[in-house]
Amino acid sequence: MSWKQKIMVAALGGMLAFGAAGFAVAQTVGPNGEAATPSSALTLSDAEVAKLKEGKFTAALLWHTSSDFVSAVTAGATDEFKRLGIEVVATTDAGFDSAKQLSDVETVLAKSPSAILALPLDPVGSAKAFQAAKDKGVKLVFLSNVPSGYKQGTDYVAIVTDDLFQMGKQAADVLAKSLDGKGKVAWIFHDAQYYVTNQRDNAFKATIEKDYNDISIVDSQGIADPARAEEIGQALLTKTPDLDGIYVTWAEPAEGVLAALRSAGNAKTKVVTLDLSEPVALDMVRGGNVAGIVADKAYELGRAMATAAAYGLLGKEAPAFVVAPAITVTKENVADGYKESLNRDAPQSVLDAAK
């Protein structure tokens, strides 16, 4: 997800939001501590698919914004709905506006969808926005967040998100590999209570501390505004000019850290981050500072959301919290990584540089 998605989607009240120095679990957990179920576990029998096709069901996709990530989630959901004979009757973009999301729900309900897939923009506003859909018995499946007071199995079918712990762990593993398992690193974490980024960041830290005795996190810095990333990178390099590696919470601030490294003439310090970005991927394939990028499988998130909706339509019990796999993207697999994550080709500039 982009930084705007992470910053502007409100942190949920009552969530397990882990602080920068807080506890990091060894696996991904849901907003209310739910155990994670891998998305691969969501399956439908031939008989269930046939029943869905006979049901003449419809679905609507009510998204929070437009982006490559959302496009990939949409493609995954749309392809699965098509396989199940479920017609997508509406797709909307709330533009990060809670009032617009409420309006989108009202507009879409006129089409009487059987199911709605959505990312709630904030706990209180979204609780109101989706109330009418809930009252009509529409099967709701949420991406990452859940409206305040909503109960799984009664008010919504399931939450689907990334395997957050694995994203942080894989980032630690790829950075450690690039450093031959030893060195001094800095940890730039998301300085906000948002359980998606908090779990990812803390998983990186926990993995380094548990699995790599010869790697030390010698400095850390929180970041809320990606525009400050270059400034933060410069401060870290001034304080510890011999840093071997830097973890950055997601790709946009990583671009600022890369700018700081270039300004310092530093070609040695390795960087690892989360989520695909053309500038970060370009640096990686050109043999620059970036050691690797860990991404979610956005297309698979969409497929899993659609399948969860089918569970609801069938009256089949669904797991409360579903996670899609994380993948490590390096110079060697960048073309496949983009397809696996976003279901599209990598930017031409990246493909050309990787030749």
# chains A, B, ... in the order shown; residues from 1 in each chain; ligands from 1
call {"tool": "select_by_dssp", "arguments": {"residues": "range 94-237 of chain A", "states": "helix (DSSP H, G or I)", "output": "PyMOL selection string"}}
result
chain A and resi 98-109+123-129+131-135+164-178+195-211+226-237
call {"tool": "residues_around", "arguments": {"residues": "Thr43 in chain A", "least_positions_apart": "3", "cutoff": "12 Å", "atoms": "only C-alpha atoms", "output": "JSON, numbers by chain"}}
result
{"A": [38, 39, 40, 46, 47, 48, 49, 80, 84, 303, 304, 305, 306, 307, 308, 309, 310, 311, 316, 317, 318, 319]}
call {"tool": "residues_around", "arguments": {"residues": "range 59-72 of chain A", "least_positions_apart": "3", "cutoff": "7 Å", "atoms": "only C-alpha atoms", "output": "list of chain:residue names"}}
result
A:Met1, A:Ala75, A:Gly76, A:Ile86, A:Glu87, A:Val88, A:Val89, A:Ala90, A:Thr91, A:Thr92, A:Asp93, A:Ala94, A:Gly95, A:Phe96, A:Pro113, A:Ser114, A:Ala115, A:Ile116, A:Leu117, A:Ala118, A:Leu119, A:Leu121, A:Ala298, A:Tyr299, A:Leu342, A:Asn343
call {"tool": "atom_distance", "arguments": {"atom1": "CA of Ala354 in chain A", "atom2": "CA of Ala291 in chain A"}}
result
14.1 Å
call {"tool": "residues_around", "arguments": {"residues": "Ile215 in chain A", "least_positions_apart": "5", "cutoff": "9 Å", "atoms": "only C-alpha atoms", "output": "short mmCIF file (atom, residue, chain, number, x, y, z; two decimals) with N, CA and C atoms, in the first residue's frame"}}
result
data_model
loop_
_atom_site.label_atom_id
_atom_site.label_comp_id
_atom_site.auth_asym_id
_atom_site.auth_seq_id
_atom_site.Cartn_x
_atom_site.Cartn_y
_atom_site.Cartn_z
N ALA A 176 19.82 -9.20 5.94
CA ALA A 176 20.89 -9.98 6.58
C ALA A 176 21.72 -10.73 5.54
N LEU A 179 24.22 -8.59 3.90
CA LEU A 179 25.30 -8.18 4.81
C LEU A 179 26.13 -9.38 5.27
N GLY A 181 25.23 -11.62 7.11
CA GLY A 181 24.87 -11.95 8.49
C GLY A 181 25.55 -11.14 9.57
N LYS A 182 26.17 -10.02 9.22
CA LYS A 182 26.82 -9.22 10.26
C LYS A 182 26.84 -7.74 9.86
N GLY A 183 26.81 -6.88 10.89
CA GLY A 183 26.89 -5.46 10.61
C GLY A 183 26.02 -4.62 11.54
N LYS A 184 26.02 -3.32 11.28
CA LYS A 184 25.26 -2.35 12.06
C LYS A 184 24.14 -1.79 11.18
N VAL A 185 22.92 -1.82 11.71
CA VAL A 185 21.80 -1.35 10.90
C VAL A 185 20.97 -0.34 11.67
N ILE A 208 15.63 -9.69 13.44
CA ILE A 208 17.05 -9.35 13.56
C ILE A 208 17.57 -9.73 14.94
N GLU A 209 16.82 -9.37 15.97
CA GLU A 209 17.27 -9.61 17.35
C GLU A 209 17.29 -11.09 17.70
#
call {"tool": "residues_around", "arguments": {"residues": "range 267-282 of chain A", "least_positions_apart": "2", "cutoff": "7 Å", "atoms": "only C-alpha atoms", "output": "list of chain:residue names"}}
result
A:Met1, A:Ala171, A:Leu175, A:Leu243, A:Asp244, A:Gly245, A:Ile246, A:Tyr247, A:Val248, A:Thr249, A:Trp250, A:Ala251, A:Ala254, A:Glu255, A:Gly265, A:Met284, A:Val285, A:Arg286, A:Gly288, A:Asn289, A:Val290, A:Ala291, A:Gly292, A:Ile293, A:Val294, A:Ala295, A:Asp296, A:Pro347, A:Val350
call {"tool": "write_last_selection", "arguments": {"atoms": "C-alpha atoms", "output": "PDB file, in the first residue's frame"}}
result
ATOM      1  CA  MET A   1       0.000   0.000   0.000  1.00  0.00           C
ATOM      2  CA  ALA A 171      12.798  -7.912   4.994  1.00  0.00           C
ATOM      3  CA  LEU A 175      18.940  -7.504   4.452  1.00  0.00           C
ATOM      4  CA  LEU A 243      25.934   1.989   8.834  1.00  0.00           C
ATOM      5  CA  ASP A 244      25.831  -1.288   6.949  1.00  0.00           C
ATOM      6  CA  GLY A 245      22.092  -1.370   6.439  1.00  0.00           C
ATOM      7  CA  ILE A 246      18.823   0.519   6.879  1.00  0.00           C
ATOM      8  CA  TYR A 247      15.280  -0.809   7.160  1.00  0.00           C
ATOM      9  CA  VAL A 248      12.614   1.654   5.980  1.00  0.00           C
ATOM     10  CA  THR A 249       8.958   1.062   6.835  1.00  0.00           C
ATOM     11  CA  TRP A 250       7.673   1.307   3.235  1.00  0.00           C
ATOM     12  CA  ALA A 251       8.766   2.343  -0.218  1.00  0.00           C
ATOM     13  CA  ALA A 254      12.743   4.610   1.305  1.00  0.00           C
ATOM     14  CA  GLU A 255      13.033   6.861  -1.756  1.00  0.00           C
ATOM     15  CA  GLY A 265      28.134   9.530  -1.910  1.00  0.00           C
ATOM     16  CA  MET A 284      17.828  -2.367  -6.886  1.00  0.00           C
ATOM     17  CA  VAL A 285      18.159  -3.681 -10.441  1.00  0.00           C
ATOM     18  CA  ARG A 286      20.944  -1.186 -11.183  1.00  0.00           C
ATOM     19  CA  GLY A 288      22.492   0.367  -6.028  1.00  0.00           C
ATOM     20  CA  ASN A 289      21.834   0.461  -2.298  1.00  0.00           C
ATOM     21  CA  VAL A 290      18.582  -1.505  -2.314  1.00  0.00           C
ATOM     22  CA  ALA A 291      19.107  -5.129  -1.344  1.00  0.00           C
ATOM     23  CA  GLY A 292      15.499  -6.213  -1.762  1.00  0.00           C
ATOM     24  CA  ILE A 293      11.830  -5.285  -1.537  1.00  0.00           C
ATOM     25  CA  VAL A 294       9.156  -7.291   0.236  1.00  0.00           C
ATOM     26  CA  ALA A 295       5.679  -7.031  -1.279  1.00  0.00           C
ATOM     27  CA  ASP A 296       2.227  -8.377  -0.604  1.00  0.00           C
ATOM     28  CA  PRO A 347       7.591  -0.733 -15.298  1.00  0.00           C
ATOM     29  CA  VAL A 350      12.801  -1.520 -14.489  1.00  0.00           C
TER      30      VAL A 350
END
call {"tool": "select_by_dssp", "arguments": {"residues": "range 9-113 of chain A", "states": "strand (DSSP E or B)", "output": "PDB file with N, CA, C and O atoms, in the first residue's frame"}}
result
ATOM      1  N   VAL A  29      -1.386 -11.288  13.611  1.00  0.00           N
ATOM      2  CA  VAL A  29      -2.669 -11.414  14.315  1.00  0.00           C
ATOM      3  C   VAL A  29      -3.610 -10.327  13.823  1.00  0.00           C
ATOM      4  O   VAL A  29      -3.183  -9.294  13.317  1.00  0.00           O
ATOM      5  N   ALA A  35      -6.426 -15.176  15.277  1.00  0.00           N
ATOM      6  CA  ALA A  35      -5.389 -15.984  14.634  1.00  0.00           C
ATOM      7  C   ALA A  35      -5.538 -15.884  13.122  1.00  0.00           C
ATOM      8  O   ALA A  35      -6.649 -15.772  12.593  1.00  0.00           O
ATOM      9  N   THR A  37      -5.456 -17.070   9.231  1.00  0.00           N
ATOM     10  CA  THR A  37      -5.669 -18.219   8.353  1.00  0.00           C
ATOM     11  C   THR A  37      -5.085 -17.876   6.988  1.00  0.00           C
ATOM     12  O   THR A  37      -5.404 -16.812   6.440  1.00  0.00           O
ATOM     13  N   PRO A  38      -4.219 -18.714   6.422  1.00  0.00           N
ATOM     14  CA  PRO A  38      -3.659 -18.398   5.094  1.00  0.00           C
ATOM     15  C   PRO A  38      -4.751 -18.359   4.030  1.00  0.00           C
ATOM     16  O   PRO A  38      -5.709 -19.151   4.068  1.00  0.00           O
ATOM     17  N   THR A  58     -24.723 -11.035  -7.010  1.00  0.00           N
ATOM     18  CA  THR A  58     -23.976  -9.884  -7.525  1.00  0.00           C
ATOM     19  C   THR A  58     -23.075  -9.332  -6.427  1.00  0.00           C
ATOM     20  O   THR A  58     -23.267  -9.614  -5.239  1.00  0.00           O
ATOM     21  N   ALA A  59     -22.107  -8.533  -6.827  1.00  0.00           N
ATOM     22  CA  ALA A  59     -21.158  -7.959  -5.860  1.00  0.00           C
ATOM     23  C   ALA A  59     -20.786  -6.546  -6.266  1.00  0.00           C
ATOM     24  O   ALA A  59     -20.864  -6.171  -7.441  1.00  0.00           O
ATOM     25  N   ALA A  60     -20.361  -5.763  -5.262  1.00  0.00           N
ATOM     26  CA  ALA A  60     -19.868  -4.407  -5.500  1.00  0.00           C
ATOM     27  C   ALA A  60     -18.528  -4.244  -4.788  1.00  0.00           C
ATOM     28  O   ALA A  60     -18.319  -4.812  -3.710  1.00  0.00           O
ATOM     29  N   LEU A  61     -17.643  -3.488  -5.409  1.00  0.00           N
ATOM     30  CA  LEU A  61     -16.311  -3.244  -4.854  1.00  0.00           C
ATOM     31  C   LEU A  61     -16.240  -1.764  -4.482  1.00  0.00           C
ATOM     32  O   LEU A  61     -16.207  -0.903  -5.364  1.00  0.00           O
ATOM     33  N   LEU A  62     -16.198  -1.475  -3.193  1.00  0.00           N
ATOM     34  CA  LEU A  62     -16.208  -0.086  -2.720  1.00  0.00           C
ATOM     35  C   LEU A  62     -14.836   0.257  -2.153  1.00  0.00           C
ATOM     36  O   LEU A  62     -14.554   0.021  -0.974  1.00  0.00           O
ATOM     37  N   TRP A  63     -13.976   0.807  -3.004  1.00  0.00           N
ATOM     38  CA  TRP A  63     -12.598   1.054  -2.594  1.00  0.00           C
ATOM     39  C   TRP A  63     -12.406   2.450  -2.026  1.00  0.00           C
ATOM     40  O   TRP A  63     -13.189   3.362  -2.260  1.00  0.00           O
ATOM     41  N   GLU A  87     -21.793 -11.552 -10.674  1.00  0.00           N
ATOM     42  CA  GLU A  87     -21.610 -10.336 -11.475  1.00  0.00           C
ATOM     43  C   GLU A  87     -21.199  -9.155 -10.603  1.00  0.00           C
ATOM     44  O   GLU A  87     -21.828  -8.883  -9.577  1.00  0.00           O
ATOM     45  N   VAL A  88     -20.147  -8.451 -10.996  1.00  0.00           N
ATOM     46  CA  VAL A  88     -19.744  -7.218 -10.317  1.00  0.00           C
ATOM     47  C   VAL A  88     -20.571  -6.077 -10.906  1.00  0.00           C
ATOM     48  O   VAL A  88     -20.439  -5.742 -12.085  1.00  0.00           O
ATOM     49  N   VAL A  89     -21.435  -5.481 -10.084  1.00  0.00           N
ATOM     50  CA  VAL A  89     -22.369  -4.470 -10.585  1.00  0.00           C
ATOM     51  C   VAL A  89     -21.904  -3.039 -10.345  1.00  0.00           C
ATOM     52  O   VAL A  89     -22.486  -2.095 -10.899  1.00  0.00           O
ATOM     53  N   ALA A  90     -20.851  -2.859  -9.527  1.00  0.00           N
ATOM     54  CA  ALA A  90     -20.363  -1.499  -9.269  1.00  0.00           C
ATOM     55  C   ALA A  90     -18.962  -1.557  -8.682  1.00  0.00           C
ATOM     56  O   ALA A  90     -18.624  -2.462  -7.920  1.00  0.00           O
ATOM     57  N   THR A  91     -18.150  -0.564  -9.052  1.00  0.00           N
ATOM     58  CA  THR A  91     -16.827  -0.360  -8.460  1.00  0.00           C
ATOM     59  C   THR A  91     -16.687   1.133  -8.192  1.00  0.00           C
ATOM     60  O   THR A  91     -16.892   1.951  -9.104  1.00  0.00           O
ATOM     61  N   THR A  92     -16.357   1.508  -6.955  1.00  0.00           N
ATOM     62  CA  THR A  92     -16.283   2.920  -6.602  1.00  0.00           C
ATOM     63  C   THR A  92     -14.935   3.265  -5.969  1.00  0.00           C
ATOM     64  O   THR A  92     -14.194   2.400  -5.533  1.00  0.00           O
ATOM     65  N   ASP A  93     -14.650   4.571  -5.937  1.00  0.00           N
ATOM     66  CA  ASP A  93     -13.420   5.110  -5.354  1.00  0.00           C
ATOM     67  C   ASP A  93     -13.803   6.281  -4.451  1.00  0.00           C
ATOM     68  O   ASP A  93     -14.275   7.309  -4.929  1.00  0.00           O
TER      69      ASP A  93
END
